[in-house]
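Working notes for the structure below.
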Amino acid sequence: MLAVVGENGAGKSSLMNVLYGLYQPDVGEVSVDGQPVRFKSPRDAIARGIGMVHQHFMLVPTLTVAENVVLGREPTRRGLFDLERAVSEVAATCARFGFQLEPRARVDTLTVGSQQKVEIVKALHRGAQVLVLDEPTAVLTPQESDELAHIMRGLVAQGRTVVLISHKLKEVLGVADRVAVMRRGRVVAEVRAAETTVEQLASLMVGEGHSARAAGLADLHGGIPPGAATARHEPASSGAARPPGEATPTLTAEPGSRPPGETSLAGAVLLEARGLQALGDNGRPALRGVDLTVRAGEIVGIAGVDGNGQRELAEVLTGLRPLTSGEGTLLGGPLAGLTPAQARGRGVGHVPEDRLRRAVVKALTVEENVALGRHTRPPFARGPWIDFSGRRERTQALLSAYDVRPPDPAVPLHALSGGNQQKVVVARELDARPKLLVVVQPTRGLDIGAVAQVHAKLREAREQGAGVLLVSLDLEEVLKLSDRVYVFFEGRVTGHFTRPEYDERELGRRMLGAGTGHG
Amino acid sequence: MAERLKAILPSVLSVLLALAVCWALIAFTMTSGTATDAYLQMLWGGIGNWPSFLDGAAATVLTRPLGESAMKAALLTLTGLSVAVAFKVGLFNIGAQGQMILGALAAAVVGAQLSLPSALHVPAALLGAALAGAAWAGLAALLKLYRGVHEVISTIMLNWVAVSLVDNWLVIGPLRGVAEAGQSITGTAEIQATAVLPRLLGDLSRLNLGFPLALLLALAVWAWLARTRPGFETRAVGLGAEAARAAGVPVARRTGVAMALAGALAGLAGAVLVLGTEGRYPGTLGAPYGFDGIAIALIGNNHPLGATVAALFFGVLRAGGTRMQLLGVHKSFPELIQGLALLFVAGRMVWLAVLRRRQASPGSGPAPAAVTPSTEAPRV
């Protein structure tokens, strides 16, 4: 059994898609049993005994297990579908490989774990010798994951080959024979699972010179640092019961007690929040009691691994996501019940993470997008009417100030590259002279020049007295720009650092939930 | 300007192609001479018989056909606007027919049951029709906003509800007109003389106030969408609701208002039919003007003025089409032309989407603005 590991975007899925015939290689070749082959489609790959279990299942929910398994090569009797034979064939395959599945059960009545088994049986039923599983445990409970590991070992014992794509290092080491590490589209190492450790794999995955991140990854993906062990396994309820001051010891620090330095610019409190709670898109709690403060004239960074409540915090502060509990004052008004229009009215600017969904309308022109959100005020409107000349003038000024190309206010926004679109968003939000600017992943996907420009503009906003809340998954960016950093883990603040006392190693631990012990 | 042309061209080509296909169909089943003659008859029947007028015939050979075309065009403009306005906020209003039925009924009731001076009676009947249409469309908007019911489903269903409610019950039951002088009448009671839309050319044609009213409304809708803050918000919601919400736009209100406006426009189409031509709510509306509105809006690129131009063109064709019968050509050809043009316009959308995907896959090159009706925004 071979495991392929690597960070997001390292090329694992692309490689597997080439194996399965979904992509054609530009250069190079694939060999099966020593023979070079060229798959034009998954059909060719199946014919050569390669089966794939996708991360997102490819099953018809309203059909039975047996119908799903035989779909595409149904047994027939006198030209009609022979359900009885399908059921008995599928039952035989299940028995042969030790799967416990009821062939007559409808797929939509099965658990996710059982649906995955159906996918595996489907591949085996088609005679797969090589089985590729793409992130198979991402959707499974720990118990189901253990069962899957057992199934995979069983298949290997029967002489089948299993290729497992994953970024859960600990799990990989527990089940695979060999591990291939991918980074930026290359296999950078291949090691025997028995002869390596989670830490070693992590540093291979991120490359040289990123020791702090490697440590973080190792912690995240398997190994648990001794100091963090208690925090990680603490039940959520007991965490919620802790007094906030204990969970986030430095938050209640008085203004005078902050060390002098770059934060000396900090002035009036713009945002004061206590015990914020909110649900995520999936309906589960995403914020579980967050306290934080942002002052005028400072950049406050939010660090954390993706999906720990940072995005939801930004949405709460911009009125896009309702609070379920907690209270706060934002620019002189209550935080509860905030609408997007109120947030803008009080002076909150927002550079959202998902630009095309949240920030711009790509079918509208550049100048219409510059007006969006401020279209009711001069110079964009005169009474109920749109002020076309005022809008044109202001847009042209911004386009040249931010070096947007092409500098044409009248083209649809989708004619601009992603970097230039982002410049338009940043230009618009800063031009509104926000008192508090909430920026999420402001430089993702930008080239180096644009990144430097955006960073300079954020600093400029701080110099001019704005408060900036910077959410980024790029720890380097957070540390470079921020005067203070809150660390988020599972919807809580697990650490608070003030420049210059940044300790990457400690920050990394906090990002994984080690929430106590730091003053 | 070049971009504007590029947006219009496909619609023009689709209409020309549809004209050519129908000409070929007539030529194939009859003779090519008949086909050409039939088209000429359709033209003279739509824009007036200029050759005989120049030969010295009375002015009515021009004014009668033009008046008929204008009245058809007024109805098509209003229902086309209805569909186009809903499109702008991102909704597909299939329900213009039902909204028009309710509007027509309201106009007939107000026109017949109230006694007011003419200066008040006509506006009151128009207002009643607009409100009835808006309420009917508003049902679909409420279902969408609060229950997540797709507007295509709800508006289709509401069409059937309108037919059952009005045609199959009210008009033959409680609201049926009383028979006069032993003659039984179909439909509701006749509207009072004070509620009749005034004719503009007296006896020269049936042209009435409905036509300028429709043109004025088209202009107003265009100005609202293109030049005002609420219009801008409406377009922003239609093209990117989530971004509009983040920008502080009241998305639900904009959606509701646009849908109500769409219903009001369709309701007014019903009023123009009842107050201008029929004089009562007839047994049924007679023609599916509401469904025609979908074709008009799409051929007109979902632009208020584009829809108006399309409505004028097809008004001429529809009014003139009856004259084709003089040559034994069936009068449904204008509808066939309209249907084919819609098909080609829709085909263009598919074609453009394929083209854009092909352009997008190589990546970098700045894509020339490929504009589909649903993404085209009126610019100034």
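Identifiers for the structure tokens are assigned positionally: chains receive A, B, ... in sequence, residues are indexed from 1 per chain, and ligands are indexed from 1 in the order shown.
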Quick one: which chain A residues come within 8 Å of chain B, and what is the nearest atom pair for each with the distance in Å to one decimal, counting only C-alpha atoms, rows ordered by chain and ascending number, as JSON lines?
{"residue": "A:Thr318", "atom": "CA", "partner": "B:Ala246", "partner_atom": "CA", "distance": 7.8}
{"residue": "A:Leu320", "atom": "CA", "partner": "B:Ala246", "partner_atom": "CA", "distance": 6.6}
{"residue": "A:Thr339", "atom": "CA", "partner": "B:Gly248", "partner_atom": "CA", "distance": 7.5}
{"residue": "A:Pro340", "atom": "CA", "partner": "B:Gly248", "partner_atom": "CA", "distance": 4.7}
{"residue": "A:Ala341", "atom": "CA", "partner": "B:Gly248", "partner_atom": "CA", "distance": 3.9}
{"residue": "A:Gln342", "atom": "CA", "partner": "B:Gly248", "partner_atom": "CA", "distance": 7.6}
{"residue": "A:Arg344", "atom": "CA", "partner": "B:Gly248", "partner_atom": "CA", "distance": 7.0}
{"residue": "A:Leu356", "atom": "CA", "partner": "B:Ala243", "partner_atom": "CA", "distance": 7.7}
{"residue": "A:Arg357", "atom": "CA", "partner": "B:Ala243", "partner_atom": "CA", "distance": 5.7}
{"residue": "A:Arg358", "atom": "CA", "partner": "B:Ala243", "partner_atom": "CA", "distance": 4.0}
{"residue": "A:Ala359", "atom": "CA", "partner": "B:Ala243", "partner_atom": "CA", "distance": 5.2}
{"residue": "A:Val360", "atom": "CA", "partner": "B:Ala243", "partner_atom": "CA", "distance": 5.8}
{"residue": "A:Val361", "atom": "CA", "partner": "B:Gly240", "partner_atom": "CA", "distance": 5.2}
{"residue": "A:Lys362", "atom": "CA", "partner": "B:Gly240", "partner_atom": "CA", "distance": 7.9}
{"residue": "A:Ala363", "atom": "CA", "partner": "B:Thr375", "partner_atom": "CA", "distance": 6.1}
{"residue": "A:Leu364", "atom": "CA", "partner": "B:Ala377", "partner_atom": "CA", "distance": 7.1}
{"residue": "A:Leu372", "atom": "CA", "partner": "B:Ala247", "partner_atom": "CA", "distance": 6.3}
{"residue": "A:Gly373", "atom": "CA", "partner": "B:Ala247", "partner_atom": "CA", "distance": 4.2}
{"residue": "A:Arg374", "atom": "CA", "partner": "B:Ala247", "partner_atom": "CA", "distance": 7.9}
{"residue": "A:His375", "atom": "CA", "partner": "B:Arg229", "partner_atom": "CA", "distance": 6.8}
{"residue": "A:Thr376", "atom": "CA", "partner": "B:Arg229", "partner_atom": "CA", "distance": 6.4}
{"residue": "A:Ala381", "atom": "CA", "partner": "B:Arg229", "partner_atom": "CA", "distance": 7.2}
{"residue": "A:Pro384", "atom": "CA", "partner": "B:Thr228", "partner_atom": "CA", "distance": 5.7}
{"residue": "A:Trp385", "atom": "CA", "partner": "B:Thr228", "partner_atom": "CA", "distance": 4.3}
{"residue": "A:Ile386", "atom": "CA", "partner": "B:Thr228", "partner_atom": "CA", "distance": 5.2}
{"residue": "A:Pro412", "atom": "CA", "partner": "B:Ala369", "partner_atom": "CA", "distance": 7.4}
{"residue": "A:Ala415", "atom": "CA", "partner": "B:Pro366", "partner_atom": "CA", "distance": 5.8}
{"residue": "A:Leu416", "atom": "CA", "partner": "B:Pro366", "partner_atom": "CA", "distance": 7.4}
Shell of 6 Å around range 303-319 of chain B, only C-alpha atoms, local chain residues under 5 positions omitted, as a list of chain:residue names: B:Gly46, B:Glu68, B:Ser69, B:Lys72, B:Ala73, B:Leu76, B:Thr77, B:Gly80, B:Leu81, B:Ala218, B:Trp222, B:Ile296, B:Ala297, B:Pro334
Take the residues from that selection and put them in a file with C-alpha atoms, as an mmCIF file, in the first residue's frame.
data_model
loop_
_atom_site.group_PDB
_atom_site.id
_atom_site.type_symbol
_atom_site.label_atom_id
_atom_site.label_comp_id
_atom_site.auth_asym_id
_atom_site.auth_seq_id
_atom_site.Cartn_x
_atom_site.Cartn_y
_atom_site.Cartn_z
ATOM 1 C CA GLY B 46 -48.404 46.152 -40.440
ATOM 2 C CA GLU B 68 -53.557 47.771 -35.022
ATOM 3 C CA SER B 69 -49.781 47.243 -34.932
ATOM 4 C CA LYS B 72 -50.425 44.762 -30.400
ATOM 5 C CA ALA B 73 -47.041 46.372 -29.755
ATOM 6 C CA LEU B 76 -46.145 43.053 -26.101
ATOM 7 C CA THR B 77 -44.083 45.962 -24.761
ATOM 8 C CA GLY B 80 -41.909 42.113 -22.382
ATOM 9 C CA LEU B 81 -40.972 44.787 -19.843
ATOM 10 C CA ALA B 218 -40.539 51.545 -21.146
ATOM 11 C CA TRP B 222 -35.051 52.054 -18.449
ATOM 12 C CA ILE B 296 -39.956 39.717 -26.516
ATOM 13 C CA ALA B 297 -37.729 40.201 -23.471
ATOM 14 C CA PRO B 334 -45.765 35.633 -37.496
#
DSSP-assigned alpha helix (DSSP H) members of range 84-170 of chain B, reported as a count of residues only: 65
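What separates CA of Leu110 in chain A from CA of Ser41 in chain A is a distance of 29.6 Å.
Nearest residue to Trp44 in chain B among B:Thr322, B:Ser205, B:Ser82, B:Ser14 is B:Thr322, counting only C-alpha atoms.
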Nearby residues (only C-alpha atoms) at most 12 Å from Ala24 in chain B, same-chain spacing under 6 positions excluded, as a PyMOL selection string: chain B and resi 17-18+30-36+38-39+333+337
Computed interatomic separation between CA of Ala130 in chain B and CA of Gly103 in chain B (Å): 6.2 Å
Spatial neighbours of Arg85 in chain A, max dist 10 Å, only C-alpha atoms, sep filter under 6 positions, as a VMD selection string: chain A and resid 66 74 to 77 91
Close residues, Phe57 in chain A itself excluded, 9 Å, only C-alpha atoms, min 2 positions apart in chain, as a ChimeraX atom specification: /A:53-55,59,115-116,119
Atom-to-atom span, CA of Val4 in chain A and CA of Ala193 in chain A, Å: 11.4 Å
Nearest to Gln422 in chain A by atom-to-atom distance, counting only C-alpha atoms, from A:Leu201, A:Leu276, A:Ala176, A:Val351: A:Val351
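Comparing the minimum interatomic distances between Ala134 in chain B and each of B:Gly263, B:Gly347, B:Pro212, B:Gly187, counting only C-alpha atoms, we find that B:Gly263 sits nearest.
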Close residues, Val305 in chain A itself excluded, 8 Å, only C-alpha atoms, min 6 positions apart in chain, as a ChimeraX atom specification: /A:473,488-489,511-512
Can I get the selected residues back with all heavy atoms, as a compact mmCIF listing (two decimals), in the first residue's frame?
# COMPACT_ATOMS: atom_id res chain seq x y z
N LEU A 473 -4.30 33.24 6.52
CA LEU A 473 -3.78 31.90 6.82
C LEU A 473 -2.27 31.89 6.67
O LEU A 473 -1.60 30.93 7.02
CB LEU A 473 -4.40 30.87 5.87
CG LEU A 473 -5.92 30.79 5.93
CD1 LEU A 473 -6.44 29.75 4.97
CD2 LEU A 473 -6.38 30.49 7.35
N PHE A 488 -6.44 31.84 16.81
CA PHE A 488 -7.74 31.17 16.86
C PHE A 488 -7.57 29.67 16.76
O PHE A 488 -6.77 29.18 15.97
CB PHE A 488 -8.63 31.64 15.69
CG PHE A 488 -9.49 32.80 16.02
CD1 PHE A 488 -8.96 33.92 16.64
CD2 PHE A 488 -10.84 32.80 15.70
CE1 PHE A 488 -9.76 35.00 16.95
CE2 PHE A 488 -11.65 33.88 15.99
CZ PHE A 488 -11.10 34.98 16.62
N PHE A 489 -8.33 28.96 17.59
CA PHE A 489 -8.40 27.51 17.42
C PHE A 489 -9.80 27.05 17.82
O PHE A 489 -10.27 27.37 18.92
CB PHE A 489 -7.35 26.81 18.30
CG PHE A 489 -7.46 25.31 18.24
CD1 PHE A 489 -7.06 24.63 17.11
CD2 PHE A 489 -7.98 24.60 19.31
CE1 PHE A 489 -7.18 23.25 17.03
CE2 PHE A 489 -8.10 23.21 19.23
CZ PHE A 489 -7.69 22.54 18.09
N MET A 511 -1.92 27.64 17.69
CA MET A 511 -2.78 27.40 16.54
C MET A 511 -3.37 25.99 16.58
O MET A 511 -4.36 25.69 15.92
CB MET A 511 -2.00 27.59 15.24
CG MET A 511 -1.78 29.05 14.91
SD MET A 511 -0.50 29.33 13.68
CE MET A 511 -1.27 28.69 12.21
N LEU A 512 -2.74 25.12 17.35
CA LEU A 512 -3.22 23.75 17.46
C LEU A 512 -3.97 23.51 18.75
O LEU A 512 -4.29 22.39 19.09
CB LEU A 512 -2.05 22.78 17.34
CG LEU A 512 -1.41 22.92 15.97
CD1 LEU A 512 -0.02 22.35 15.98
CD2 LEU A 512 -2.28 22.24 14.94
